[in-house]
$ cat data06.cif   # mmCIF, C-alpha atoms
data_data
loop_
_atom_site.group_PDB
_atom_site.id
_atom_site.type_symbol
_atom_site.label_atom_id
_atom_site.label_comp_id
_atom_site.auth_asym_id
_atom_site.auth_seq_id
_atom_site.Cartn_x
_atom_site.Cartn_y
_atom_site.Cartn_z
ATOM 1 C CA MET A 1 -2.603 17.216 -29.179
ATOM 2 C CA THR A 2 -1.513 16.781 -25.599
ATOM 3 C CA VAL A 3 -4.508 14.938 -24.201
ATOM 4 C CA ALA A 4 -6.010 11.802 -25.656
ATOM 5 C CA PRO A 5 -9.742 11.824 -26.325
ATOM 6 C CA ARG A 6 -11.735 10.418 -23.430
ATOM 7 C CA ASP A 7 -12.447 7.005 -24.904
ATOM 8 C CA GLU A 8 -8.854 6.616 -25.928
ATOM 9 C CA LEU A 9 -7.803 7.647 -22.453
ATOM 10 C CA MET A 10 -9.958 4.957 -20.889
ATOM 11 C CA GLU A 11 -8.637 2.404 -23.350
ATOM 12 C CA THR A 12 -5.094 3.323 -22.384
ATOM 13 C CA LEU A 13 -6.054 2.966 -18.737
ATOM 14 C CA ALA A 14 -7.422 -0.493 -19.454
ATOM 15 C CA ASP A 15 -4.086 -1.479 -20.989
ATOM 16 C CA LEU A 16 -2.085 -0.494 -17.903
ATOM 17 C CA SER A 17 -0.257 -3.318 -16.259
ATOM 18 C CA GLY A 18 1.154 -3.372 -12.757
ATOM 19 C CA PRO A 19 3.639 -5.550 -10.929
ATOM 20 C CA ALA A 20 2.406 -8.765 -9.394
ATOM 21 C CA PRO A 21 2.469 -9.385 -5.655
ATOM 22 C CA ARG A 22 5.542 -11.177 -4.370
ATOM 23 C CA ALA A 23 5.346 -14.928 -4.975
ATOM 24 C CA ALA A 24 6.435 -15.954 -1.475
ATOM 25 C CA ARG A 25 3.782 -13.787 0.138
ATOM 26 C CA ASP A 26 1.212 -15.112 -2.308
ATOM 27 C CA ALA A 27 2.041 -18.691 -1.420
ATOM 28 C CA ARG A 28 1.606 -17.931 2.295
ATOM 29 C CA VAL A 29 -1.755 -16.294 1.685
ATOM 30 C CA ARG A 30 -2.954 -19.240 -0.384
ATOM 31 C CA ALA A 31 -1.834 -21.668 2.326
ATOM 32 C CA ARG A 32 -3.722 -19.705 4.993
ATOM 33 C CA CYS A 33 -6.832 -19.616 2.829
ATOM 34 C CA HIS A 34 -6.588 -23.355 2.153
ATOM 35 C CA ALA A 35 -6.376 -23.956 5.899
ATOM 36 C CA VAL A 36 -9.520 -21.911 6.457
ATOM 37 C CA LEU A 37 -11.353 -23.707 3.662
ATOM 38 C CA LYS A 38 -10.362 -27.091 5.058
ATOM 39 C CA GLY A 39 -12.050 -26.173 8.303
ATOM 40 C CA VAL A 40 -9.187 -25.043 10.509
ATOM 41 C CA GLY A 41 -10.682 -22.459 12.842
ATOM 42 C CA ARG A 42 -14.097 -22.819 11.262
ATOM 43 C CA PRO A 43 -17.169 -23.682 13.348
ATOM 44 C CA GLY A 44 -18.063 -27.362 13.188
ATOM 45 C CA PRO A 45 -21.438 -28.788 12.109
ATOM 46 C CA PHE A 46 -22.849 -28.578 15.637
ATOM 47 C CA ALA A 47 -21.781 -24.955 16.093
ATOM 48 C CA ARG A 48 -23.247 -24.073 12.706
ATOM 49 C CA LYS A 49 -26.573 -25.764 13.551
ATOM 50 C CA ALA A 50 -26.645 -24.035 16.937
ATOM 51 C CA ARG A 51 -26.040 -20.694 15.275
ATOM 52 C CA TRP A 52 -28.722 -21.425 12.676
ATOM 53 C CA ALA A 53 -31.205 -22.232 15.460
ATOM 54 C CA LEU A 54 -30.197 -19.166 17.474
ATOM 55 C CA ASP A 55 -30.627 -16.944 14.399
ATOM 56 C CA ARG A 56 -34.267 -18.053 14.212
ATOM 57 C CA VAL A 57 -35.137 -18.329 17.894
ATOM 58 C CA LEU A 58 -33.892 -14.871 18.873
ATOM 59 C CA PRO A 59 -36.057 -12.848 16.440
ATOM 60 C CA ALA A 60 -39.091 -14.964 17.415
ATOM 61 C CA ALA A 61 -38.434 -14.314 21.122
ATOM 62 C CA VAL A 62 -38.086 -10.580 20.491
ATOM 63 C CA LEU A 63 -41.341 -10.587 18.520
ATOM 64 C CA ILE A 64 -43.250 -12.416 21.280
ATOM 65 C CA TYR A 65 -41.811 -10.061 23.892
ATOM 66 C CA GLY A 66 -42.919 -7.082 21.823
ATOM 67 C CA VAL A 67 -46.462 -8.450 21.480
ATOM 68 C CA VAL A 68 -46.656 -9.083 25.246
ATOM 69 C CA VAL A 69 -45.464 -5.552 26.022
ATOM 70 C CA VAL A 70 -48.048 -4.042 23.673
ATOM 71 C CA VAL A 71 -50.879 -6.188 25.123
ATOM 72 C CA GLU A 72 -49.917 -5.312 28.704
ATOM 73 C CA GLY A 73 -49.709 -1.657 27.733
ATOM 74 C CA LEU A 74 -53.205 -1.788 26.282
ATOM 75 C CA LYS A 75 -54.469 -3.535 29.431
ATOM 76 C CA LEU A 76 -52.939 -0.847 31.630
ATOM 77 C CA ALA A 77 -54.543 1.833 29.495
ATOM 78 C CA GLY A 78 -57.867 0.102 30.013
ATOM 79 C CA LEU A 79 -58.342 -0.574 26.332
ATOM 80 C CA LEU A 80 -58.500 -4.335 26.788
ATOM 81 C CA MET B 1 -13.630 -15.972 -16.561
ATOM 82 C CA ASP B 2 -17.168 -16.424 -17.871
ATOM 83 C CA ARG B 3 -20.170 -16.242 -15.580
ATOM 84 C CA ASP B 4 -20.965 -19.968 -15.625
ATOM 85 C CA THR B 5 -17.415 -20.872 -14.656
ATOM 86 C CA GLU B 6 -17.478 -18.231 -11.932
ATOM 87 C CA LEU B 7 -20.718 -19.593 -10.485
ATOM 88 C CA ALA B 8 -19.450 -23.172 -10.606
ATOM 89 C CA LEU B 9 -16.187 -22.213 -8.894
ATOM 90 C CA LEU B 10 -18.026 -20.241 -6.239
ATOM 91 C CA GLU B 11 -20.268 -23.206 -5.518
ATOM 92 C CA ARG B 12 -17.207 -25.409 -5.078
ATOM 93 C CA VAL B 13 -15.464 -22.879 -2.832
ATOM 94 C CA ARG B 14 -18.571 -22.682 -0.677
ATOM 95 C CA GLY B 15 -18.104 -26.403 -0.187
ATOM 96 C CA GLY B 16 -14.467 -25.907 0.830
ATOM 97 C CA ASP B 17 -12.783 -26.860 -2.474
ATOM 98 C CA THR B 18 -9.237 -25.487 -2.418
ATOM 99 C CA ALA B 19 -8.617 -26.090 -6.145
ATOM 100 C CA ALA B 20 -11.610 -23.901 -6.968
ATOM 101 C CA PHE B 21 -10.240 -21.264 -4.630
ATOM 102 C CA ASP B 22 -6.910 -21.400 -6.461
ATOM 103 C CA ALA B 23 -8.682 -20.807 -9.774
ATOM 104 C CA ILE B 24 -10.506 -17.771 -8.390
ATOM 105 C CA HIS B 25 -7.295 -16.556 -6.773
ATOM 106 C CA ALA B 26 -5.453 -16.846 -10.088
ATOM 107 C CA ALA B 27 -8.179 -14.910 -11.886
ATOM 108 C CA PHE B 28 -8.452 -12.008 -9.458
ATOM 109 C CA ASN B 29 -5.248 -11.802 -7.433
ATOM 110 C CA ALA B 30 -3.199 -9.593 -9.768
ATOM 111 C CA ARG B 31 -6.187 -7.341 -10.455
ATOM 112 C CA LEU B 32 -6.918 -6.895 -6.764
ATOM 113 C CA TYR B 33 -3.276 -6.256 -6.031
ATOM 114 C CA GLY B 34 -2.993 -3.648 -8.790
ATOM 115 C CA PHE B 35 -6.129 -1.947 -7.505
ATOM 116 C CA LEU B 36 -4.929 -1.905 -3.894
ATOM 117 C CA ALA B 37 -1.362 -0.920 -4.714
ATOM 118 C CA ARG B 38 -2.506 2.003 -6.849
ATOM 119 C CA LEU B 39 -4.938 3.075 -4.146
ATOM 120 C CA ALA B 40 -2.560 2.742 -1.219
ATOM 121 C CA ARG B 41 0.603 3.589 -3.205
ATOM 122 C CA ASN B 42 2.513 1.245 -0.988
ATOM 123 C CA ARG B 43 3.465 -2.286 -1.885
ATOM 124 C CA ASP B 44 3.552 -3.709 1.647
ATOM 125 C CA VAL B 45 0.214 -2.188 2.595
ATOM 126 C CA ALA B 46 -1.315 -3.469 -0.635
ATOM 127 C CA GLU B 47 -0.094 -6.985 0.137
ATOM 128 C CA ASP B 48 -1.503 -6.822 3.667
ATOM 129 C CA LEU B 49 -4.874 -5.640 2.392
ATOM 130 C CA LEU B 50 -4.823 -8.257 -0.350
ATOM 131 C CA GLU B 51 -4.219 -11.013 2.197
ATOM 132 C CA GLU B 52 -7.075 -9.748 4.336
ATOM 133 C CA THR B 53 -9.343 -9.607 1.282
ATOM 134 C CA TRP B 54 -8.722 -13.266 0.500
ATOM 135 C CA LEU B 55 -9.144 -14.284 4.127
ATOM 136 C CA ARG B 56 -12.481 -12.472 4.248
ATOM 137 C CA PHE B 57 -13.478 -14.301 1.075
ATOM 138 C CA VAL B 58 -12.757 -17.776 2.434
ATOM 139 C CA THR B 59 -14.197 -17.094 5.885
ATOM 140 C CA HIS B 60 -17.422 -15.779 4.350
ATOM 141 C CA ALA B 61 -17.521 -18.229 1.444
ATOM 142 C CA ASP B 62 -20.248 -20.423 2.934
ATOM 143 C CA GLN B 63 -22.430 -17.372 3.588
ATOM 144 C CA LEU B 64 -22.162 -15.951 0.067
ATOM 145 C CA ARG B 65 -25.206 -16.150 -2.136
ATOM 146 C CA ALA B 66 -24.880 -18.659 -4.945
ATOM 147 C CA ASP B 67 -25.278 -15.895 -7.558
ATOM 148 C CA THR B 68 -22.715 -13.533 -6.040
ATOM 149 C CA ARG B 69 -20.674 -11.655 -8.645
ATOM 150 C CA LEU B 70 -17.153 -12.301 -7.514
ATOM 151 C CA GLY B 71 -15.462 -9.280 -9.099
ATOM 152 C CA PRO B 72 -17.639 -6.602 -7.504
ATOM 153 C CA TRP B 73 -17.717 -8.523 -4.192
ATOM 154 C CA LEU B 74 -13.948 -8.830 -3.985
ATOM 155 C CA PHE B 75 -13.324 -5.219 -5.045
ATOM 156 C CA THR B 76 -15.890 -4.025 -2.494
ATOM 157 C CA VAL B 77 -14.100 -5.877 0.296
ATOM 158 C CA ALA B 78 -10.702 -4.638 -0.907
ATOM 159 C CA ARG B 79 -11.926 -1.049 -1.101
ATOM 160 C CA ASN B 80 -13.556 -1.218 2.333
ATOM 161 C CA LEU B 81 -10.329 -2.535 3.810
ATOM 162 C CA HIS B 82 -8.444 0.325 2.201
ATOM 163 C CA VAL B 83 -10.955 2.854 3.565
ATOM 164 C CA THR B 84 -10.546 1.372 7.043
ATOM 165 C CA TRP B 85 -6.787 1.528 6.683
ATOM 166 C CA CYS B 86 -6.954 5.190 5.589
ATOM 167 C CA ARG B 87 -9.186 6.081 8.510
ATOM 168 C CA ALA B 88 -7.017 4.274 11.023
ATOM 169 C CA ARG B 89 -3.805 5.929 9.966
ATOM 170 C CA ALA B 90 -4.933 9.141 8.290
ATOM 171 C CA VAL B 91 -2.610 8.177 5.521
ATOM 172 C CA GLU B 92 -3.319 10.313 2.550
ATOM 173 C CA ARG B 93 -1.222 13.237 3.798
ATOM 174 C CA ARG B 94 1.372 11.712 6.085
ATOM 175 C CA ALA B 95 2.239 8.315 4.675
ATOM 176 C CA ALA B 96 4.290 9.571 1.750
ATOM 177 C CA ALA B 97 6.721 11.122 4.211
ATOM 178 C CA SER B 98 6.721 8.397 6.845
ATOM 179 C CA LEU B 99 6.799 5.330 4.631
ATOM 180 C CA ASP B 100 8.911 4.318 1.703
ATOM 181 C CA MET B 101 6.413 5.315 -0.939
ATOM 182 C CA TRP B 102 6.473 6.996 -4.256
ATOM 183 C CA THR B 103 4.426 10.111 -4.959
ATOM 184 C CA ALA B 104 3.460 12.016 -8.039
ATOM 185 C CA GLU B 105 6.303 14.425 -7.444
ATOM 186 C CA SER B 106 8.814 11.743 -6.587
ATOM 187 C CA PRO B 107 11.696 11.632 -9.050
ATOM 188 C CA ALA B 108 12.262 7.954 -8.263
ATOM 189 C CA GLU B 109 10.666 5.370 -10.491
ATOM 190 C CA SER B 110 7.800 3.475 -8.886
ATOM 191 C CA PRO B 111 7.300 -0.254 -9.504
ATOM 192 C CA PHE B 112 4.373 0.735 -11.692
ATOM 193 C CA ASP B 113 6.553 3.058 -13.742
ATOM 194 C CA ARG B 114 8.884 0.180 -14.469
ATOM 195 C CA ALA B 115 5.965 -2.107 -15.292
ATOM 196 C CA ALA B 116 4.117 0.477 -17.349
ATOM 197 C CA GLY B 117 6.650 0.133 -20.143
ATOM 198 C CA THR B 118 5.600 2.911 -22.453
ATOM 199 C CA GLU B 119 6.157 6.582 -21.813
ATOM 200 C CA LEU B 120 2.406 7.187 -21.898
ATOM 201 C CA GLY B 121 1.911 4.365 -19.398
ATOM 202 C CA GLN B 122 4.393 5.932 -17.013
ATOM 203 C CA ARG B 123 2.790 9.329 -17.343
ATOM 204 C CA LEU B 124 -0.603 7.759 -16.725
ATOM 205 C CA GLU B 125 0.651 6.066 -13.559
ATOM 206 C CA ARG B 126 2.051 9.344 -12.272
ATOM 207 C CA ALA B 127 -1.116 11.232 -13.205
ATOM 208 C CA LEU B 128 -3.219 8.576 -11.465
ATOM 209 C CA GLY B 129 -1.005 8.780 -8.398
ATOM 210 C CA SER B 130 -1.490 12.546 -8.219
ATOM 211 C CA LEU B 131 -5.294 12.282 -8.016
ATOM 212 C CA SER B 132 -7.315 12.054 -4.821
ATOM 213 C CA VAL B 133 -8.252 8.588 -3.591
ATOM 214 C CA GLU B 134 -11.885 9.193 -4.573
ATOM 215 C CA ALA B 135 -10.995 10.057 -8.154
ATOM 216 C CA ARG B 136 -8.385 7.334 -8.363
ATOM 217 C CA GLU B 137 -10.625 4.520 -7.172
ATOM 218 C CA VAL B 138 -13.271 5.370 -9.764
ATOM 219 C CA LEU B 139 -10.770 5.346 -12.609
ATOM 220 C CA LEU B 140 -9.183 2.150 -11.329
ATOM 221 C CA LEU B 141 -12.470 0.307 -11.010
ATOM 222 C CA VAL B 142 -13.995 1.387 -14.311
ATOM 223 C CA GLY B 143 -10.964 2.225 -16.446
ATOM 224 C CA VAL B 144 -8.387 -0.314 -15.338
ATOM 225 C CA GLU B 145 -10.483 -3.176 -13.949
ATOM 226 C CA GLY B 146 -13.301 -2.927 -16.455
ATOM 227 C CA LEU B 147 -16.198 -2.860 -13.998
ATOM 228 C CA THR B 148 -19.365 -1.235 -15.300
ATOM 229 C CA PRO B 149 -20.240 2.141 -13.724
ATOM 230 C CA SER B 150 -23.168 0.403 -11.985
ATOM 231 C CA GLU B 151 -20.886 -2.267 -10.520
ATOM 232 C CA ALA B 152 -18.392 0.404 -9.466
ATOM 233 C CA ALA B 153 -21.251 2.329 -7.851
ATOM 234 C CA GLY B 154 -22.057 -0.757 -5.809
ATOM 235 C CA VAL B 155 -18.413 -1.153 -4.815
ATOM 236 C CA CYS B 156 -18.173 2.478 -3.673
ATOM 237 C CA GLY B 157 -21.627 2.583 -2.092
ATOM 238 C CA VAL B 158 -23.000 5.404 -4.250
ATOM 239 C CA THR B 159 -25.816 5.650 -6.773
ATOM 240 C CA PRO B 160 -25.056 4.900 -10.430
ATOM 241 C CA GLU B 161 -25.784 8.532 -11.301
ATOM 242 C CA ALA B 162 -23.339 9.766 -8.665
ATOM 243 C CA MET B 163 -20.791 7.303 -9.970
ATOM 244 C CA ARG B 164 -21.209 8.570 -13.548
ATOM 245 C CA GLN B 165 -20.613 12.142 -12.375
ATOM 246 C CA ARG B 166 -17.635 11.080 -10.294
ATOM 247 C CA LEU B 167 -16.211 9.199 -13.258
ATOM 248 C CA LYS B 168 -16.656 12.197 -15.535
ATOM 249 C CA ARG B 169 -14.889 14.495 -13.084
ATOM 250 C CA ALA B 170 -12.099 11.998 -12.482
ATOM 251 C CA ARG B 171 -11.562 11.492 -16.216
ATOM 252 C CA THR B 172 -11.362 15.237 -16.778
ATOM 253 C CA LEU B 173 -8.879 15.606 -13.910
ATOM 254 C CA LEU B 174 -6.761 12.773 -15.249
ATOM 255 C CA ALA B 175 -6.709 14.317 -18.710
ATOM 256 C CA GLU B 176 -5.633 17.646 -17.208
ATOM 257 C CA ARG B 177 -2.832 16.041 -15.206
ATOM 258 C CA LEU B 178 -1.711 14.178 -18.310
ATOM 259 C CA ALA B 179 -1.690 17.378 -20.311
ATOM 260 C CA GLU B 180 0.406 19.065 -17.624
ATOM 261 C CA SER B 181 2.954 16.269 -17.774
ATOM 262 C CA ASP B 182 3.151 16.102 -21.578
ATOM 263 C CA PRO B 183 6.699 16.911 -22.675
ATOM 264 C CA ARG B 184 5.753 17.490 -26.289
ATOM 265 C CA PRO B 185 4.873 21.215 -26.054
ATOM 266 C CA VAL B 186 8.418 21.824 -24.819
ATOM 267 C CA VAL B 187 9.775 19.939 -27.806
ATOM 268 C CA ARG B 188 7.622 22.027 -30.122
ATOM 269 C CA LEU B 189 8.905 25.217 -28.523
ATOM 270 C CA ARG B 190 12.461 24.188 -29.210
ATOM 271 C CA GLU B 191 11.654 23.614 -32.860
ATOM 272 C CA VAL B 192 10.582 27.244 -33.430
ATOM 273 C CA LYS B 193 13.165 29.074 -35.507
ATOM 274 C CA PRO B 194 13.763 32.817 -35.376
#

$ encode --input "data06.cif" --output "structure tokens"
Amino acid sequence: MTVAPRDELMETLADLSGPAPRAARDARVRARCHAVLKGVGRPGPFARKARWALDRVLPAAVLIYGVVVVVEGLKLAGLL
Amino acid sequence: MDRDTELALLERVRGGDTAAFDAIHAAFNARLYGFLARLARNRDVAEDLLEETWLRFVTHADQLRADTRLGPWLFTVARNLHVTWCRARAVERRAAASLDMWTAESPAESPFDRAAGTELGQRLERALGSLSVEAREVLLLVGVEGLTPSEAAGVCGVTPEAMRQRLKRARTLLAERLAESDPRPVVRLREVKP
């Protein structure tokens, strides 16, 4: 038989092993990630709160604007 | 890594714990690298994409849901980065010629060939390398990385049914390529006596 049955084929695939990434590169990546996690280049508490507030204020403003446009449109059409 | 450990580590990473990050890195780094290297077929590109995957993870850590499944999330990011890389450089056809890569037809041993160990492993690596990216990624996610077809469907952005069909086709193709590369029929031919 030249081809393994399907399940056996998938089992063989699962057993494949590849080379690991180079250790020096890995160490650099980990160091960069640690720096990010420790807050280097991350927004501070104030920036995060400001963004949180902005995320809520903007949709509300858009909603109010939409309601006003609809009401004015109805007024112009003489329906209100 | 069991699910409880994964959730606990994720919670700690969301709080900026570097030791928890190291544990997650240790659990997934080699798997992600193998996935990316087999997809891109280029060690340097795979390392670049791997680095970007981890950076995306830590920069988005505080926005991740507490019940995020790390494996599918990381593989989704890695795959998306590879797709972006393919689009940007139109690699699939040209890269083998312009970069120092190995191809299915290449007589040189790839790093995976050396790591594969067994003859069947080497043939599998070559057969995998000869498939299209679409077929390869399915087999890598489900066959090599052990994701469920549903998880792999999420990673690739297709429905589970489409993923099952894709997997079936890819498996058939892989079996055909393996059969083509099997040296045993030649051996049998030599054994025939007049």

$ resolve_selection --input "data06.cif" --expression "the PyMOL selection byres ((chain B and resi 42-49) around 8)" --output "list of chain:residue names"
A:Pro21, A:Arg25, B:Tyr33, B:Leu36, B:Ala37, B:Arg38, B:Ala40, B:Arg41, B:Leu50, B:Glu51, B:Glu52, B:Thr53, B:Ala78, B:Leu81, B:His82, B:Asp100, B:Met101, B:Trp102

$ interface_residues --input "data06.cif" --of "chain B" --to "chain A" --cutoff "9 Å" --atoms "all atoms listed in the file" --output "ChimeraX atom specification"
/B:13-19,21-22,25,29-31,33-34,37-38,43,46-47,50-52,54-55,57-59,61,111-117,120-121,124-125,139-140,142-146,171-172,174-176,178-180,182-185

$ write_last_selection --input "data06.cif" --atoms "C-alpha atoms" --output "PDB file, in the frame of the given file"
ATOM      1  CA  VAL B  13     -15.464 -22.879  -2.832  1.00  0.00           C
ATOM      2  CA  ARG B  14     -18.571 -22.682  -0.677  1.00  0.00           C
ATOM      3  CA  GLY B  15     -18.104 -26.403  -0.187  1.00  0.00           C
ATOM      4  CA  GLY B  16     -14.467 -25.907   0.830  1.00  0.00           C
ATOM      5  CA  ASP B  17     -12.783 -26.860  -2.474  1.00  0.00           C
ATOM      6  CA  THR B  18      -9.237 -25.487  -2.418  1.00  0.00           C
ATOM      7  CA  ALA B  19      -8.617 -26.090  -6.145  1.00  0.00           C
ATOM      8  CA  PHE B  21     -10.240 -21.264  -4.630  1.00  0.00           C
ATOM      9  CA  ASP B  22      -6.910 -21.400  -6.461  1.00  0.00           C
ATOM     10  CA  HIS B  25      -7.295 -16.556  -6.773  1.00  0.00           C
ATOM     11  CA  ASN B  29      -5.248 -11.802  -7.433  1.00  0.00           C
ATOM     12  CA  ALA B  30      -3.199  -9.593  -9.768  1.00  0.00           C
ATOM     13  CA  ARG B  31      -6.187  -7.341 -10.455  1.00  0.00           C
ATOM     14  CA  TYR B  33      -3.276  -6.256  -6.031  1.00  0.00           C
ATOM     15  CA  GLY B  34      -2.993  -3.648  -8.790  1.00  0.00           C
ATOM     16  CA  ALA B  37      -1.362  -0.920  -4.714  1.00  0.00           C
ATOM     17  CA  ARG B  38      -2.506   2.003  -6.849  1.00  0.00           C
ATOM     18  CA  ARG B  43       3.465  -2.286  -1.885  1.00  0.00           C
ATOM     19  CA  ALA B  46      -1.315  -3.469  -0.635  1.00  0.00           C
ATOM     20  CA  GLU B  47      -0.094  -6.985   0.137  1.00  0.00           C
ATOM     21  CA  LEU B  50      -4.823  -8.257  -0.350  1.00  0.00           C
ATOM     22  CA  GLU B  51      -4.219 -11.013   2.197  1.00  0.00           C
ATOM     23  CA  GLU B  52      -7.075  -9.748   4.336  1.00  0.00           C
ATOM     24  CA  TRP B  54      -8.722 -13.266   0.500  1.00  0.00           C
ATOM     25  CA  LEU B  55      -9.144 -14.284   4.127  1.00  0.00           C
ATOM     26  CA  PHE B  57     -13.478 -14.301   1.075  1.00  0.00           C
ATOM     27  CA  VAL B  58     -12.757 -17.776   2.434  1.00  0.00           C
ATOM     28  CA  THR B  59     -14.197 -17.094   5.885  1.00  0.00           C
ATOM     29  CA  ALA B  61     -17.521 -18.229   1.444  1.00  0.00           C
ATOM     30  CA  PRO B 111       7.300  -0.254  -9.504  1.00  0.00           C
ATOM     31  CA  PHE B 112       4.373   0.735 -11.692  1.00  0.00           C
ATOM     32  CA  ASP B 113       6.553   3.058 -13.742  1.00  0.00           C
ATOM     33  CA  ARG B 114       8.884   0.180 -14.469  1.00  0.00           C
ATOM     34  CA  ALA B 115       5.965  -2.107 -15.292  1.00  0.00           C
ATOM     35  CA  ALA B 116       4.117   0.477 -17.349  1.00  0.00           C
ATOM     36  CA  GLY B 117       6.650   0.133 -20.143  1.00  0.00           C
ATOM     37  CA  LEU B 120       2.406   7.187 -21.898  1.00  0.00           C
ATOM     38  CA  GLY B 121       1.911   4.365 -19.398  1.00  0.00           C
ATOM     39  CA  LEU B 124      -0.603   7.759 -16.725  1.00  0.00           C
ATOM     40  CA  GLU B 125       0.651   6.066 -13.559  1.00  0.00           C
ATOM     41  CA  LEU B 139     -10.770   5.346 -12.609  1.00  0.00           C
ATOM     42  CA  LEU B 140      -9.183   2.150 -11.329  1.00  0.00           C
ATOM     43  CA  VAL B 142     -13.995   1.387 -14.311  1.00  0.00           C
ATOM     44  CA  GLY B 143     -10.964   2.225 -16.446  1.00  0.00           C
ATOM     45  CA  VAL B 144      -8.387  -0.314 -15.338  1.00  0.00           C
ATOM     46  CA  GLU B 145     -10.483  -3.176 -13.949  1.00  0.00           C
ATOM     47  CA  GLY B 146     -13.301  -2.927 -16.455  1.00  0.00           C
ATOM     48  CA  ARG B 171     -11.562  11.492 -16.216  1.00  0.00           C
ATOM     49  CA  THR B 172     -11.362  15.237 -16.778  1.00  0.00           C
ATOM     50  CA  LEU B 174      -6.761  12.773 -15.249  1.00  0.00           C
ATOM     51  CA  ALA B 175      -6.709  14.317 -18.710  1.00  0.00           C
ATOM     52  CA  GLU B 176      -5.633  17.646 -17.208  1.00  0.00           C
ATOM     53  CA  LEU B 178      -1.711  14.178 -18.310  1.00  0.00           C
ATOM     54  CA  ALA B 179      -1.690  17.378 -20.311  1.00  0.00           C
ATOM     55  CA  GLU B 180       0.406  19.065 -17.624  1.00  0.00           C
ATOM     56  CA  ASP B 182       3.151  16.102 -21.578  1.00  0.00           C
ATOM     57  CA  PRO B 183       6.699  16.911 -22.675  1.00  0.00           C
ATOM     58  CA  ARG B 184       5.753  17.490 -26.289  1.00  0.00           C
ATOM     59  CA  PRO B 185       4.873  21.215 -26.054  1.00  0.00           C
TER      60      PRO B 185
END

$ residues_around --input "data06.cif" --residues "B:Leu70" --least-positions-apart "6" --cutoff "9 Å" --atoms "all atoms listed in the file" --output "ChimeraX atom specification"
/B:6-7,10,24,28

$ axis_aligned_box --input "data06.cif" --around "stretch 77-90 of chain B" --padding-each-side "4 Å" --output "AutoDock Vina command-line options"
--center_x -9.0 --center_y 1.6 --center_z 5.0 --size_x 18.3 --size_y 23.0 --size_z 20.1

$ atom_distance --input "data06.cif" --atom1 "atom CA of B:Leu9" --atom2 "atom CA of B:Ala152"
22.7 Å

$ resolve_selection --input "data06.cif" --expression "the PyMOL selection byres ((chain B and resi 129-136) around 8)" --output "number ranges by chain"
B: 38-39, 41, 103-104, 125-128, 137-140, 166-167, 169-170, 173-174, 177

$ atom_distance --input "data06.cif" --atom1 "atom CA of B:Arg56" --atom2 "atom CA of A:Phe46"
22.3 Å

$ atom_distance --input "data06.cif" --atom1 "atom CA of B:Lys168" --atom2 "atom CA of B:Asn80"
22.6 Å

$ resolve_selection --input "data06.cif" --expression "the PyMOL selection byres ((chain B and resi 149-151) around 7)" --output "VMD selection string"
chain B and resid 72 142 147 to 148 152 to 155 160 163 to 164
